[in-house]
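Peer 1: I'm passing along start05.pdb; it holds PDB, C-alpha atoms.
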MODEL        1
ATOM      1  CA  MET A  20      -9.651 -20.266  12.455
ATOM      2  CA  ILE A  21      -6.627 -17.989  12.247
ATOM      3  CA  PRO A  22      -6.275 -15.690  15.275
ATOM      4  CA  LEU A  23      -6.513 -11.984  14.621
ATOM      5  CA  SER A  24      -3.061 -11.368  16.068
ATOM      6  CA  TYR A  25      -1.500 -13.317  13.181
ATOM      7  CA  TYR A  26      -2.926 -10.787  10.745
ATOM      8  CA  VAL A  27      -1.691  -7.929  12.915
ATOM      9  CA  ILE A  28       1.804  -9.467  13.001
ATOM     10  CA  LEU A  29       1.800  -9.992   9.223
ATOM     11  CA  SER A  30       0.734  -6.436   8.519
ATOM     12  CA  SER A  31       3.237  -5.015  10.990
ATOM     13  CA  ILE A  32       6.058  -6.951   9.312
ATOM     14  CA  VAL A  33       5.029  -5.585   5.911
ATOM     15  CA  PHE A  34       4.631  -2.083   7.324
ATOM     16  CA  VAL A  35       8.074  -2.078   8.936
ATOM     17  CA  THR A  36       9.583  -3.410   5.701
ATOM     18  CA  GLY A  37       8.073  -0.459   3.868
ATOM     19  CA  LEU A  38       9.285   1.937   6.556
ATOM     20  CA  VAL A  39      12.850   0.632   6.341
ATOM     21  CA  GLY A  40      12.632   0.816   2.556
ATOM     22  CA  VAL A  41      11.672   4.495   2.723
ATOM     23  CA  LEU A  42      14.585   5.165   5.053
ATOM     24  CA  ILE A  43      17.396   3.255   3.357
ATOM     25  CA  ARG A  44      16.860   3.397  -0.396
ATOM     26  CA  ARG A  45      18.223   6.159  -2.613
ATOM     27  CA  ASN A  46      16.026   5.552  -5.657
ATOM     28  CA  ILE A  47      12.919   7.692  -5.324
ATOM     29  CA  ILE A  48      10.796   5.200  -7.284
ATOM     30  CA  ILE A  49      11.615   2.459  -4.771
ATOM     31  CA  ILE A  50      10.672   4.881  -1.998
ATOM     32  CA  LEU A  51       7.222   5.322  -3.555
ATOM     33  CA  LEU A  52       6.930   1.528  -3.906
ATOM     34  CA  SER A  53       7.708   1.214  -0.184
ATOM     35  CA  VAL A  54       4.915   3.669   0.568
ATOM     36  CA  GLU A  55       2.628   1.335  -1.375
ATOM     37  CA  LEU A  56       3.833  -1.515   0.851
ATOM     38  CA  MET A  57       2.847   0.446   3.951
ATOM     39  CA  LEU A  58      -0.590   1.262   2.506
ATOM     40  CA  ASN A  59      -1.154  -2.430   1.761
ATOM     41  CA  ALA A  60      -0.165  -3.360   5.310
ATOM     42  CA  THR A  61      -2.831  -1.041   6.714
ATOM     43  CA  ASN A  62      -5.337  -2.451   4.234
ATOM     44  CA  ILE A  63      -4.652  -6.001   5.453
ATOM     45  CA  ASN A  64      -5.300  -4.788   9.000
ATOM     46  CA  PHE A  65      -8.549  -3.097   7.996
ATOM     47  CA  VAL A  66      -9.893  -6.182   6.221
ATOM     48  CA  ALA A  67      -8.852  -8.543   9.033
ATOM     49  CA  PHE A  68     -10.544  -6.431  11.704
ATOM     50  CA  SER A  69     -13.578  -6.029   9.469
ATOM     51  CA  HIS A  70     -13.835  -9.796   9.191
ATOM     52  CA  PHE A  71     -13.391 -10.456  12.895
ATOM     53  CA  PHE A  72     -15.819  -7.770  14.040
ATOM     54  CA  GLN A  73     -18.316  -8.688  11.287
ATOM     55  CA  ASN A  74     -18.545  -5.041  10.283
ATOM     56  CA  MET A  75     -18.314  -3.789   6.726
ATOM     57  CA  THR A  76     -16.956  -0.349   7.610
ATOM     58  CA  GLY A  77     -13.362  -1.567   7.464
ATOM     59  CA  GLN A  78     -13.768  -2.682   3.875
ATOM     60  CA  VAL A  79     -15.270   0.689   2.938
ATOM     61  CA  PHE A  80     -12.202   2.355   4.431
ATOM     62  CA  VAL A  81      -9.947   0.101   2.372
ATOM     63  CA  PHE A  82     -11.853   1.359  -0.645
ATOM     64  CA  PHE A  83     -11.076   4.964   0.318
ATOM     65  CA  ALA A  84      -7.425   4.117   1.042
ATOM     66  CA  LEU A  85      -7.222   2.643  -2.445
ATOM     67  CA  THR A  86      -8.572   5.867  -3.947
ATOM     68  CA  VAL A  87      -6.040   7.946  -2.046
ATOM     69  CA  ALA A  88      -3.257   5.552  -3.087
ATOM     70  CA  ALA A  89      -4.187   5.975  -6.746
ATOM     71  CA  ALA A  90      -4.168   9.773  -6.390
ATOM     72  CA  GLU A  91      -0.849   9.624  -4.538
ATOM     73  CA  VAL A  92       0.746   7.537  -7.265
ATOM     74  CA  ALA A  93      -0.439   9.880 -10.024
ATOM     75  CA  VAL A  94       0.854  13.008  -8.289
ATOM     76  CA  GLY A  95       4.033  11.329  -6.998
ATOM     77  CA  LEU A  96       5.080  10.007 -10.379
ATOM     78  CA  ALA A  97       4.382  13.407 -11.961
ATOM     79  CA  ILE A  98       6.627  14.992  -9.326
ATOM     80  CA  ILE A  99       9.332  12.393 -10.065
ATOM     81  CA  ILE A 100       9.178  13.209 -13.769
ATOM     82  CA  ALA A 101       9.383  16.949 -13.053
ATOM     83  CA  LEU A 102      12.356  16.371 -10.719
ATOM     84  CA  TYR A 103      14.098  14.229 -13.311
ATOM     85  CA  ARG A 104      13.653  16.995 -15.858
ATOM     86  CA  SER A 105      15.200  19.617 -13.619
ATOM     87  CA  LYS A 106      18.001  17.564 -11.943
ATOM     88  CA  ASN A 107      18.524  14.688 -14.415
ATOM     89  CA  THR A 108      18.652  12.144 -11.589
ATOM     90  CA  ILE A 109      16.275  10.238  -9.329
ATOM     91  CA  ASN A 110      18.702   9.909  -6.435
ATOM     92  CA  VAL A 111      17.124  11.472  -3.345
ATOM     93  CA  ASP A 112      20.476  12.793  -2.124
ATOM     94  CA  GLU A 113      20.520  15.254  -5.009
ATOM     95  CA  PHE A 114      17.169  16.775  -4.133
ATOM     96  CA  GLN A 115      18.113  19.336  -1.481
ATOM     97  CA  LEU A 116      16.418  22.465  -2.706
ATOM     98  CA  LEU A 117      14.425  22.812   0.511
ATOM     99  CA  LYS A 118      17.326  21.912   2.798
ATOM    100  CA  TRP A 119      19.020  24.615   4.847
TER     101      TRP A 119
ATOM    102  CA  MET B 251      -6.977 -25.767   4.973
ATOM    103  CA  ALA B 252      -7.558 -22.162   5.997
ATOM    104  CA  THR B 253      -4.365 -22.300   8.044
ATOM    105  CA  PHE B 254      -2.396 -23.568   5.069
ATOM    106  CA  PHE B 255      -3.710 -20.815   2.826
ATOM    107  CA  PHE B 256      -3.008 -18.135   5.418
ATOM    108  CA  PHE B 257       0.584 -19.234   5.889
ATOM    109  CA  TYR B 258       1.143 -19.576   2.144
ATOM    110  CA  PHE B 259      -0.169 -16.060   1.433
ATOM    111  CA  ALA B 260       1.588 -14.570   4.455
ATOM    112  CA  GLY B 261       4.912 -16.167   3.552
ATOM    113  CA  VAL B 262       4.804 -14.965  -0.035
ATOM    114  CA  ILE B 263       3.700 -11.473   1.062
ATOM    115  CA  VAL B 264       6.580 -11.152   3.522
ATOM    116  CA  LEU B 265       9.130 -12.558   1.070
ATOM    117  CA  THR B 266       8.105 -10.318  -1.827
ATOM    118  CA  SER B 267       7.897  -7.224   0.373
ATOM    119  CA  PHE B 268      11.500  -7.863   1.455
ATOM    120  CA  LEU B 269      12.446  -8.266  -2.206
ATOM    121  CA  VAL B 270      10.805  -4.923  -3.095
ATOM    122  CA  VAL B 271      13.170  -3.177  -0.720
ATOM    123  CA  ALA B 272      16.253  -5.315  -1.363
ATOM    124  CA  LEU B 273      16.393  -5.769  -5.137
ATOM    125  CA  ARG B 274      18.697  -3.563  -7.173
ATOM    126  CA  ASN B 275      16.714  -3.195 -10.382
ATOM    127  CA  PRO B 276      13.528  -1.088  -9.976
ATOM    128  CA  VAL B 277      11.747  -3.214 -12.591
ATOM    129  CA  TYR B 278      12.282  -6.344 -10.491
ATOM    130  CA  SER B 279      11.101  -4.456  -7.405
ATOM    131  CA  ALA B 280       7.918  -3.446  -9.181
ATOM    132  CA  LEU B 281       7.342  -7.009 -10.412
ATOM    133  CA  SER B 282       7.749  -8.480  -6.927
ATOM    134  CA  LEU B 283       5.302  -5.835  -5.693
ATOM    135  CA  LEU B 284       2.922  -7.189  -8.364
ATOM    136  CA  ILE B 285       3.241 -10.705  -6.904
ATOM    137  CA  MET B 286       2.616  -9.254  -3.452
ATOM    138  CA  PHE B 287      -0.577  -7.508  -4.641
ATOM    139  CA  PHE B 288      -1.918 -10.784  -6.018
ATOM    140  CA  HIS B 289      -1.275 -12.591  -2.753
ATOM    141  CA  VAL B 290      -2.838  -9.786  -0.729
ATOM    142  CA  ALA B 291      -5.887 -10.240  -2.957
ATOM    143  CA  GLY B 292      -5.854 -13.940  -2.118
ATOM    144  CA  LEU B 293      -5.708 -13.099   1.565
ATOM    145  CA  TYR B 294      -8.754 -10.867   1.088
ATOM    146  CA  VAL B 295     -10.631 -13.790  -0.461
ATOM    147  CA  THR B 296      -9.894 -15.942   2.597
ATOM    148  CA  LEU B 297     -11.238 -13.081   4.738
ATOM    149  CA  HIS B 298     -14.503 -12.994   2.725
ATOM    150  CA  ALA B 299     -13.768  -9.654   1.086
ATOM    151  CA  GLU B 300     -14.204 -10.762  -2.508
ATOM    152  CA  PHE B 301     -15.049  -7.332  -3.871
ATOM    153  CA  LEU B 302     -11.885  -5.836  -2.415
ATOM    154  CA  ALA B 303      -9.840  -8.707  -3.840
ATOM    155  CA  ALA B 304     -11.140  -7.908  -7.324
ATOM    156  CA  VAL B 305     -10.580  -4.177  -6.819
ATOM    157  CA  GLN B 306      -7.082  -4.870  -5.508
ATOM    158  CA  ILE B 307      -6.167  -6.743  -8.676
ATOM    159  CA  ILE B 308      -7.829  -4.285 -11.047
ATOM    160  CA  VAL B 309      -6.654  -1.033  -9.436
ATOM    161  CA  TYR B 310      -3.330  -1.931  -7.838
ATOM    162  CA  ALA B 311      -1.995  -4.572 -10.201
ATOM    163  CA  GLY B 312      -3.728  -3.229 -13.280
ATOM    164  CA  ALA B 313      -3.423   0.529 -12.980
ATOM    165  CA  ILE B 314      -0.973   1.624 -10.318
ATOM    166  CA  LEU B 315       1.775  -0.861 -11.063
ATOM    167  CA  VAL B 316       1.562  -0.289 -14.817
ATOM    168  CA  LEU B 317       2.047   3.416 -14.097
ATOM    169  CA  TYR B 318       5.138   2.610 -12.020
ATOM    170  CA  LEU B 319       6.597   0.416 -14.748
ATOM    171  CA  PHE B 320       5.961   3.149 -17.314
ATOM    172  CA  VAL B 321       7.913   5.667 -15.271
ATOM    173  CA  VAL B 322      10.740   3.214 -14.472
ATOM    174  CA  MET B 323      11.198   2.439 -18.142
ATOM    175  CA  LEU B 324      10.768   6.100 -19.124
ATOM    176  CA  LEU B 325      13.557   7.288 -16.832
ATOM    177  CA  ASN B 326      15.787   4.201 -17.200
ATOM    178  CA  VAL B 327      18.419   5.278 -14.689
ATOM    179  CA  ARG B 328      21.350   3.096 -13.735
ATOM    180  CA  GLN B 329      22.779   3.636 -10.299
ATOM    181  CA  GLU B 330      25.688   2.127  -8.438
ATOM    182  CA  GLN B 331      24.860   2.618  -4.789
ATOM    183  CA  ARG B 332      21.384   1.516  -3.918
ATOM    184  CA  TYR B 333      21.425   2.103  -0.180
ATOM    185  CA  HIS B 334      21.541   5.369   1.660
ATOM    186  CA  PRO B 335      24.381   5.940   4.171
ATOM    187  CA  GLN B 336      21.807   5.855   6.962
ATOM    188  CA  VAL B 337      21.086   2.176   6.271
ATOM    189  CA  LYS B 338      22.236   1.046   9.720
ATOM    190  CA  LEU B 339      20.069   3.596  11.477
ATOM    191  CA  GLY B 340      17.086   2.668   9.311
ATOM    192  CA  VAL B 341      17.430  -1.058   9.938
ATOM    193  CA  LEU B 342      17.907  -0.443  13.657
ATOM    194  CA  LEU B 343      14.743   1.658  13.763
ATOM    195  CA  GLY B 344      12.823  -0.965  11.795
ATOM    196  CA  VAL B 345      13.955  -3.810  14.064
ATOM    197  CA  THR B 346      13.033  -1.771  17.149
ATOM    198  CA  VAL B 347       9.555  -0.917  15.924
ATOM    199  CA  LEU B 348       8.945  -4.497  14.772
ATOM    200  CA  ALA B 349      10.091  -5.946  18.105
ATOM    201  CA  GLU B 350       7.779  -3.568  19.925
ATOM    202  CA  VAL B 351       4.784  -4.534  17.803
ATOM    203  CA  LEU B 352       5.527  -8.254  18.119
ATOM    204  CA  LEU B 353       5.854  -7.989  21.896
ATOM    205  CA  LEU B 354       2.548  -6.130  22.074
ATOM    206  CA  ALA B 355       0.857  -8.731  19.885
ATOM    207  CA  TYR B 356       2.337 -11.539  21.974
ATOM    208  CA  TYR B 357       1.488 -10.232  25.422
ATOM    209  CA  ARG B 358      -1.884  -8.736  24.676
ATOM    210  CA  SER B 359      -3.197 -11.136  22.107
ATOM    211  CA  PHE B 360      -6.430  -9.646  20.958
ATOM    212  CA  VAL B 361      -9.629 -11.635  21.329
ATOM    213  CA  PRO B 362     -12.598 -10.193  19.469
ATOM    214  CA  PRO B 363     -15.723  -9.904  21.573
ATOM    215  CA  VAL B 364     -18.502 -12.369  20.956
ATOM    216  CA  LEU B 365     -21.251 -10.564  19.129
ATOM    217  CA  ASP B 366     -24.695 -11.584  20.266
ATOM    218  CA  ALA B 367     -26.723 -10.099  17.449
ATOM    219  CA  ALA B 368     -25.832  -9.655  13.803
ATOM    220  CA  PRO B 369     -24.656  -6.038  13.515
ATOM    221  CA  ALA B 370     -25.696  -3.615  10.838
ATOM    222  CA  GLY B 371     -23.923  -3.867   7.530
ATOM    223  CA  VAL B 372     -23.402  -7.604   7.426
ATOM    224  CA  VAL B 373     -26.091  -9.935   6.341
ATOM    225  CA  GLU B 374     -24.912 -13.310   5.179
ATOM    226  CA  SER B 375     -27.704 -13.695   2.665
ATOM    227  CA  THR B 376     -26.640 -10.631   0.697
ATOM    228  CA  GLY B 377     -23.325 -10.663  -1.079
ATOM    229  CA  ASN B 378     -20.144  -8.890  -0.148
ATOM    230  CA  THR B 379     -20.369  -6.411  -3.024
ATOM    231  CA  GLU B 380     -23.989  -5.628  -2.291
ATOM    232  CA  SER B 381     -23.409  -4.798   1.355
ATOM    233  CA  ILE B 382     -20.372  -2.641   0.529
ATOM    234  CA  GLY B 383     -22.428  -0.807  -2.068
ATOM    235  CA  GLU B 384     -25.285  -0.170   0.319
ATOM    236  CA  LEU B 385     -22.921   1.147   2.983
ATOM    237  CA  LEU B 386     -20.992   3.255   0.476
ATOM    238  CA  TYR B 387     -24.043   4.931  -0.995
ATOM    239  CA  SER B 388     -25.890   5.546   2.264
ATOM    240  CA  THR B 389     -23.642   6.121   5.275
ATOM    241  CA  TYR B 390     -20.477   7.072   3.423
ATOM    242  CA  LEU B 391     -21.999   9.026   0.556
ATOM    243  CA  PHE B 392     -20.196  12.268   1.370
ATOM    244  CA  PRO B 393     -16.726  10.675   1.725
ATOM    245  CA  PHE B 394     -17.401   8.889  -1.563
ATOM    246  CA  GLU B 395     -17.982  12.225  -3.295
ATOM    247  CA  VAL B 396     -14.872  13.661  -1.639
ATOM    248  CA  ALA B 397     -12.885  10.673  -2.960
ATOM    249  CA  SER B 398     -14.030  11.426  -6.488
ATOM    250  CA  LEU B 399     -12.972  15.047  -5.988
ATOM    251  CA  ILE B 400      -9.537  13.846  -4.791
ATOM    252  CA  LEU B 401      -9.153  11.803  -7.964
ATOM    253  CA  LEU B 402     -10.093  14.811 -10.107
ATOM    254  CA  VAL B 403      -7.601  17.064  -8.305
ATOM    255  CA  ALA B 404      -4.877  14.402  -8.605
ATOM    256  CA  MET B 405      -5.529  14.081 -12.329
ATOM    257  CA  ILE B 406      -5.284  17.837 -12.934
ATOM    258  CA  GLY B 407      -2.238  18.077 -10.667
ATOM    259  CA  ALA B 408      -0.446  15.259 -12.467
ATOM    260  CA  VAL B 409      -1.075  16.853 -15.847
ATOM    261  CA  ILE B 410       0.197  20.244 -14.666
ATOM    262  CA  LEU B 411       3.242  18.836 -12.845
ATOM    263  CA  ALA B 412       4.373  16.702 -15.748
ATOM    264  CA  LYS B 413       4.080  19.541 -18.251
ATOM    265  CA  LYS B 414       7.373  20.423 -19.823
ATOM    266  CA  ASP B 415       7.431  24.206 -19.384
ATOM    267  CA  LEU B 416       6.426  24.252 -15.736
ATOM    268  CA  PHE B 417       9.279  26.428 -14.555
ATOM    269  CA  SER B 418       9.783  28.559 -17.607
ATOM    270  CA  GLU B 419       7.873  31.793 -17.969
ATOM    271  CA  GLN B 420       6.318  32.644 -21.247
TER     272      GLN B 420
ENDMDL
END
Would you write the structure of this file as C-alpha cells?
Peer 2:
Amino acid sequence: MIPLSYYVILSSIVFVTGLVGVLIRRNIIIILLSVELMLNATNINFVAFSHFFQNMTGQVFVFFALTVAAAEVAVGLAIIIALYRSKNTINVDEFQLLKW
Amino acid sequence: MATFFFFYFAGVIVLTSFLVVALRNPVYSALSLLIMFFHVAGLYVTLHAEFLAAVQIIVYAGAILVLYLFVVMLLNVRQEQRYHPQVKLGVLLGVTVLAEVLLLAYYRSFVPPVLDAAPAGVVESTGNTESIGELLYSTYLFPFEVASLILLVAMIGAVILAKKDLFSEQ
C-alpha cells in the first residue's frame, strides 16, 4: 500500500514544474502546456484522496476539471492565433499591450 | 507489485514533466506531455479510477494534445532564446515552494482516518463508471449542466477569437 503522502509529493513536484515552466519560458504555447501540467497535478491529488477516503466526489471533480481544461485550451489557442495574427510572434515579451 | 507500478509511473511522470519545460522544440514538448498523460492514466488505474483513466486518454491525449500540435505546426515559429531573463528568479521560487511542500509532507505525513462504515458513493459491487454516473446525475446535476454551458461558451468564444477580421471594422 502506497502512503498518501507519496501521491501528494508526486503531484507537488509536477505542479512546481508547471509553475516554473510558466515563469521561465518565452514561448506562449509552452506556457499553456505548463498550465496543463499544473491541472494534471491537481487531478492526481484529487484521485489519490478520493481513493484513500473511499469517496467518489474527488473523481467527479476531476471530471469537471477536465471540462474546464478543454474549454481553457480551446479559448487559449484561439487567443494565441489571434495574437500571432496581430504581432506575428508567439514570444510573450512582445505582448505588452496592457503594460503601463 | 503496486509499489513497483507506482514508482514506475511516478518516475516517468516527473521525467516527462521536466522535459515539457526544458525541451527546445514545442513539438517535442507536446509529445512528452502525451507520454505524461498516458502514465497519469496508468496511475489512475492503480488508484481504481478506471473511468477517469479512459477519459484522460480520450480527452487529454486524443483531443487537447491534438489541438496543441495543430497550433504548433500551424504557427511553426523558430526561436533562439527559449528562457525568459527571469529564469533564476523562477527556479528559485520553484525550489522554495517545492521544499516547503516536501517539508510539510515529511513532518505531517497524512494518515487517512479509518472509516467504520462504507460511505455513500462507493459500493464495491457496482463499477467505477456506474458510481460516478450516479453521483454525477444526482448530486452534481447542476454543476454538470454548468460544465456543458462552459463548453458551449468556449466553443463560441474560440470561433469568434480565431476569426480573421476580429479587429477590423466593416
Peer 1: With distances taken over all atoms listed in the file, which residue among B:Met251, B:Ile314, B:Leu269, B:Ala349 lies nearest chain A?
Peer 2: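 Of B:Met251, B:Ile314, B:Leu269, B:Ala349, the one nearest chain A, counting all atoms listed in the file, is B:Ile314.
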Peer 1: I'd like the neighbourhood of A:Leu51 as number ranges by chain, where a residue qualifies if any of its atoms comes within 8 Å (using all atoms listed in the file), though same-chain residues fewer than 2 positions away should be ignored.
Peer 2: A: 41, 47-49, 53-55, 92, 95
Peer 1: What would the list of residues within 7 Å of (15.6, 2.3, 1.8) (file frame) look like as a count of residues only, if only C-alpha atoms are what count?
Peer 2: 11
Peer 1: Atom CA of A:Asn62 and atom CA of A:Val33, how far apart in Å?
Peer 2: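 So the answer is 11.0 Å.
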Peer 1: Find the distance between atom CA of A:Leu29 and atom CA of A:Val81 and write it in Å to one decimal.
Peer 2: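 So the answer is 16.9 Å.
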Peer 1: Produce a table with one row for each residue of chain A that has an atom at most 8 Å from any atom of chain B, each row naming the nearest atom pair and its distance in Å at one decimal; use only C-alpha atoms; arrange rows by chain and rising residue number; format as a Markdown table.
Peer 2:
| residue | atom | partner | partner_atom | distance |
| --- | --- | --- | --- | --- |
| A:Met20 | CA | B:Ala252 | CA | 7.0 |
| A:Ile21 | CA | B:Thr253 | CA | 6.4 |
| A:Leu23 | CA | B:Phe360 | CA | 6.8 |
| A:Ser24 | CA | B:Ser359 | CA | 6.0 |
| A:Val27 | CA | B:Ala355 | CA | 7.5 |
| A:Ile28 | CA | B:Leu352 | CA | 6.4 |
| A:Leu29 | CA | B:Ala260 | CA | 6.6 |
| A:Ser31 | CA | B:Leu348 | CA | 6.9 |
| A:Ile32 | CA | B:Leu348 | CA | 6.6 |
| A:Val33 | CA | B:Val264 | CA | 6.3 |
| A:Val35 | CA | B:Gly344 | CA | 5.7 |
| A:Thr36 | CA | B:Phe268 | CA | 6.4 |
| A:Gly37 | CA | B:Val271 | CA | 7.4 |
| A:Leu38 | CA | B:Gly344 | CA | 7.0 |
| A:Val39 | CA | B:Gly340 | CA | 5.6 |
| A:Gly40 | CA | B:Val271 | CA | 5.2 |
| A:Leu42 | CA | B:Gly340 | CA | 5.5 |
| A:Ile43 | CA | B:Val337 | CA | 4.8 |
| A:Arg44 | CA | B:Tyr333 | CA | 4.7 |
| A:Arg45 | CA | B:His334 | CA | 5.5 |
| A:Asn46 | CA | B:Arg332 | CA | 6.9 |
| A:Ile48 | CA | B:Pro276 | CA | 7.4 |
| A:Ile49 | CA | B:Pro276 | CA | 6.6 |
| A:Leu52 | CA | B:Ala280 | CA | 7.3 |
| A:Ser53 | CA | B:Val271 | CA | 7.0 |
| A:Leu56 | CA | B:Ser267 | CA | 7.0 |
| A:Asn59 | CA | B:Val290 | CA | 7.9 |
| A:Ile63 | CA | B:Val290 | CA | 7.5 |
| A:Val66 | CA | B:Tyr294 | CA | 7.0 |
| A:Ala67 | CA | B:Leu297 | CA | 6.7 |
| A:His70 | CA | B:Leu297 | CA | 6.1 |
| A:Phe71 | CA | B:Pro362 | CA | 6.6 |
| A:Phe72 | CA | B:Pro362 | CA | 6.8 |
| A:Gln73 | CA | B:Val372 | CA | 6.5 |
| A:Asn74 | CA | B:Gly371 | CA | 6.2 |
| A:Met75 | CA | B:Gly371 | CA | 5.7 |
| A:Thr76 | CA | B:Leu385 | CA | 7.7 |
| A:Gln78 | CA | B:Leu302 | CA | 7.3 |
| A:Val79 | CA | B:Ile382 | CA | 6.6 |
| A:Val81 | CA | B:Leu302 | CA | 7.9 |
| A:Phe82 | CA | B:Leu302 | CA | 7.4 |
| A:Phe83 | CA | B:Ala397 | CA | 6.8 |
| A:Leu85 | CA | B:Val309 | CA | 7.9 |
| A:Thr86 | CA | B:Ala397 | CA | 6.5 |
| A:Val87 | CA | B:Ile400 | CA | 7.4 |
| A:Ala89 | CA | B:Ile314 | CA | 6.5 |
| A:Ala90 | CA | B:Ala404 | CA | 5.2 |
| A:Glu91 | CA | B:Ala404 | CA | 7.5 |
| A:Val92 | CA | B:Ile314 | CA | 6.9 |
| A:Ala93 | CA | B:Ala408 | CA | 5.9 |
| A:Val94 | CA | B:Ala408 | CA | 4.9 |
| A:Leu96 | CA | B:Val321 | CA | 7.1 |
| A:Ala97 | CA | B:Ala412 | CA | 5.0 |
| A:Ile98 | CA | B:Leu411 | CA | 6.2 |
| A:Ile100 | CA | B:Ala412 | CA | 6.3 |
| A:Ala101 | CA | B:Ala412 | CA | 5.7 |
| A:Tyr103 | CA | B:Leu325 | CA | 7.8 |
| A:Thr108 | CA | B:Val327 | CA | 7.5 |
| A:Ile109 | CA | B:Val327 | CA | 7.6 |
Peer 1: What's the separation between atom CA of A:Phe68 and atom CA of B:Leu399, in Å to one decimal place?
Peer 2: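 Taking atom CA of A:Phe68 and atom CA of B:Leu399, their separation equals 27.9 Å.
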Peer 1: Give the answer as one residue: which of A:Ile99, A:Asp112, A:Leu58, A:Asn64 has the shortest atom-to-atom distance to A:Tyr25, using only C-alpha atoms?
Peer 2: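 Using only C-alpha atoms, A:Tyr25 sits closest to A:Asn64.
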